[in-house]
Every structure is written in C-alpha cells, then in structure tokens.
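Right, one structure below, let's go through it.
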Amino acid sequence: MIATAPFGMTGHESTRTIFGAAALGPVSQAEADRTLELLLEHGVNHIDTAASYSDSELRIAPWLARHPDRFFVATKTEERDYTGAREQIRRSLDRLGVDRIDLLQLHNLVDVIEWEFALREGGALDAAVEARDEGIIRFIGVTGHGLTVAKMHLRSLERFPFDSVLLPYSYVQMRDDRYAADFEALTAVCAERGVAVQTIKSISLAPWDGRKQTAATWYEPLREQTDIDLAVHWVLSRPGVFLNTVGDVTLLPKVLDAASRFASRPPDEALEDLTARRKLVPLFS
C-alpha cells in the first residue's frame with residue numbers, strides 16, 4: 001500500500017502518489033476499469049484529471065458511481081474567461097457524474113497574458129470562486145509546465161489563496177539551478193501557508209525531439225523498473241510533496257509498484273549513474 005499525507009489544508013489524507021488520469025484519455029472503458037483495480041490494489045485514493053484529457057472524465061465516471069466517497073477527485077479547466085470556465089466546470093460535473101468536485105484547478109497557467117486574463121475580474125478564477133461558493137467545488141488550485149512555472153505559481157499565490165499547486169519535479173530537472181531556486185522558493189511559501197504541492201514528470205527521460213513516439217506520454221519516459229524506482233523514490237523522499245503518476249497505463253503499474261516500496265532517498269551515486277547511463281535530459285531548458 002502507498003502511504004498517505006495531508007493534502008495541504010483540505011483535510012484530506014491523500015496517497016502520496018496521485019493517479020494522473022491523463023493516462024485514460026486514449027483507452028477503452030474496459031482498459032480503464034482494469035486500471036481502477038490496480039489503483040484499488042495499491043490504495044490510491046486521489047485522482048487528477050482535466051476537461052482537456054480527451055475522454056478521461058467519462059472513463060472515471062463509472063468508478064465514482066461504484067465507489068462513492070472513495071476518491072478525492074480533481075479536474076482542471078484551461079478556459080481563461082468567466083463564461084468559458086463556468087460552462088466547463090459544469091460540463092466536468094456532468095461528465096464525471098457527480099454533484100461536487102473536490103479540487104478545480106486552473107490548468108497550465110504560466111503565460112503572463114493568460115495569467116492576467118484568468119485572474120482579473122471576469123476571468124476564470126471568478127467562475128471557480130463562484131462554483132466554490134455554490135458548493136459544487138470544494139477547493140481551487142493552479143497547475144503549470146515550463147521553466148517559469150514555479151515563479152508564476154508564486155505570483156498566483158500572491159494574488160489568491162490557492163489550495164494547491166502542480167508543477168514538474170525530477171532529479172534531472174532540479175539540476176537546473178534557476179529552476180531549483182524557484183522551486184525551493186515556491187515550496188517554502190506552500191509549506192508556510194499549507195498549500196498542497198503536486199509534482200509531475202517524475203520518470204521523464206528526455207523530450208522526444210523528433211524520435212518516434214513509443215509511449216502515450218508527451219516526453220520519452222524511463223521504462224525499466226530499477227530506473228523508475230530511483231526516479232520515484234527520489235521524488236517521494238522529499239517530505240510534503242505528492243507524485244502524480246505517468247500518463248501511460250502500461251507504465252502505471254511500475255510507478256505504483258515503486259511507490260509502494262518507497263523507504264528512503266536513493267544514494268546520490270545511483271542517481272548520477274542513472275543520469276549518465278540513460279542520458280537524462282531536462283524537459284525544460
């Protein structure tokens with residue numbers, strides 16, 4: 001079983017490994033249901049999806065009907081205006097087949113112009129706050145990718161008391177001094193304010209860079225169990241962060257297996273060996 005920890009100030013004890021439901025976008029309902037059995041086997045109790053993840057929300061809906069109150073459910077909107085976000089939040093409720101979503105996140109809010117538009121009066125944040133006031137969502141978060149995401153999340157927390165953030169975190173990405181400094185600054189504020197920190201791209205190897213794509217992930221992933229163990233255990237060795245799983249159902253069992261066996265931080269020598277042996281490259285540079 002995978003250990004749990006408080007998910008920020010929400011009052012929910014989430015498994016430290018959260019199911020990243022982008023993996024369900026391209027799969028059938030039968031394959032999605034097999035994934036559910038795997039999640040139940042490992043005790044995963046938190047699902048992270050998005051309106052933009054193809055049919056992911058639809059694949060999750062039967063799970064929630066069969067297992068009410070089993071999962072903390074998070075989804076996302078990429079809309080930046082009030083009307084678009086309001087409509088998308090309600091569409092997500094319908095697609096998930098629920099009356100309330102636990103966490104609604106403003107998705108990939110990194111571009112400065114989009115950020116200003118979404119957080120100003122009449123923006124997507126207004127729709128999220130309205131939905132929270134109506135009781136159809138409980139908490140509000142923000143997500144993002146790229147080198148500037150940690151700095152932008154800090155700006156977001158200055159503007160509004162978000163309940164969670166989500167951003168990349170891996171051994172090789174944190175070798176970028178600028179990214180690492182921004183990440184540390186962000187997590188210090190999150191710890192002080194009780195903001196949950198979710199991390200993604202833990203098992204990234206490198207961008208595809210024109211090579212034939214052989215996994216559902218938009219980056220080339222690690223594949224060997226021993227390599228995935230090192231990457232996953234390194235993330236989980238940082239107290240207070242959550243690891244969102246891989247966007248490929250064929251690799252998910254290996255990530256969950258690694259998480260279930262986590263005990264301590266891997267030796268630096270093993271991580272350096274992995275970086276050299278697999279030629280790990282930061283996704284963002």
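Following the order of the structure tokens, chains are lettered A, B, ..., residues in each are numbered from 1, and ligands are numbered from 1.
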**Message:** Residues near stretch 84-88 of chain A, anyone? I mean within 8 Å using only C-alpha atoms, not counting same-chain ones fewer than 6 positions away, as an MDAnalysis selection string.
**Reply:** chainID A and resid 51 77:78 124 127:128 131
**Asked** Excluding same-chain residues fewer than 4 positions from A:Ser204, what lies within 8 Å of it counting only C-alpha atoms, as a ChimeraX atom specification?
**Response** /A:170,219-222,280,283
Emit the selected residues as an mmCIF file, in the first residue's frame, including N, CA and C atoms.
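The result, written out as selection.cif:
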```cif
data_model
loop_
_atom_site.group_PDB
_atom_site.id
_atom_site.type_symbol
_atom_site.label_atom_id
_atom_site.label_comp_id
_atom_site.auth_asym_id
_atom_site.auth_seq_id
_atom_site.Cartn_x
_atom_site.Cartn_y
_atom_site.Cartn_z
ATOM 1 N N SER A 170 11.772 16.598 -10.952
ATOM 2 C CA SER A 170 12.539 15.372 -11.168
ATOM 3 C C SER A 170 13.999 15.661 -10.849
ATOM 4 N N TYR A 219 6.574 13.098 -23.393
ATOM 5 C CA TYR A 219 8.022 13.039 -23.232
ATOM 6 C C TYR A 219 8.440 11.575 -23.268
ATOM 7 N N GLU A 220 9.709 11.308 -23.559
ATOM 8 C CA GLU A 220 10.201 9.938 -23.506
ATOM 9 C C GLU A 220 10.369 9.537 -22.041
ATOM 10 N N PRO A 221 9.744 8.436 -21.604
ATOM 11 C CA PRO A 221 9.815 8.061 -20.193
ATOM 12 C C PRO A 221 10.875 7.000 -19.920
ATOM 13 N N LEU A 222 11.273 6.899 -18.679
ATOM 14 C CA LEU A 222 12.023 5.744 -18.228
ATOM 15 C C LEU A 222 11.109 4.526 -18.292
ATOM 16 N N LEU A 280 19.801 11.232 -19.278
ATOM 17 C CA LEU A 280 18.635 12.033 -18.911
ATOM 18 C C LEU A 280 18.835 13.491 -19.309
ATOM 19 N N LEU A 283 13.342 18.242 -19.233
ATOM 20 C CA LEU A 283 12.287 18.529 -20.216
ATOM 21 C C LEU A 283 12.257 20.002 -20.575
#
```
**Prompt:** Nearest to A:His42 among A:Thr75, A:Thr17, A:Thr10, A:Gln29, with distances taken over only C-alpha atoms: which residue is it?
**Reply:**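 The answer is A:Thr17, which sits nearest to A:His42.
Computed from the coordinates, the atom CA of A:Ser52 to atom CA of A:His107 distance equals 9.4 Å.
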Sel. of strand (DSSP E or B) residues, stretch 171-203 of chain A, as an mmCIF file with N, CA and C atoms, in the first residue's frame:
```cif
data_model
loop_
_atom_site.group_PDB
_atom_site.id
_atom_site.type_symbol
_atom_site.label_atom_id
_atom_site.label_comp_id
_atom_site.auth_asym_id
_atom_site.auth_seq_id
_atom_site.Cartn_x
_atom_site.Cartn_y
_atom_site.Cartn_z
ATOM 1 N N ALA A 196 -0.959 22.500 -0.823
ATOM 2 C CA ALA A 196 -0.502 21.192 -1.293
ATOM 3 C C ALA A 196 0.369 21.347 -2.539
ATOM 4 N N VAL A 197 1.442 20.557 -2.614
ATOM 5 C CA VAL A 197 2.364 20.604 -3.757
ATOM 6 C C VAL A 197 2.313 19.264 -4.489
ATOM 7 N N GLN A 198 1.813 19.303 -5.726
ATOM 8 C CA GLN A 198 1.787 18.110 -6.568
ATOM 9 C C GLN A 198 2.898 18.218 -7.608
ATOM 10 N N THR A 199 3.547 17.091 -7.886
ATOM 11 C CA THR A 199 4.652 17.099 -8.846
ATOM 12 C C THR A 199 4.372 16.137 -9.994
ATOM 13 N N ILE A 200 4.888 16.504 -11.159
ATOM 14 C CA ILE A 200 4.693 15.715 -12.372
ATOM 15 C C ILE A 200 6.029 15.497 -13.070
#
```
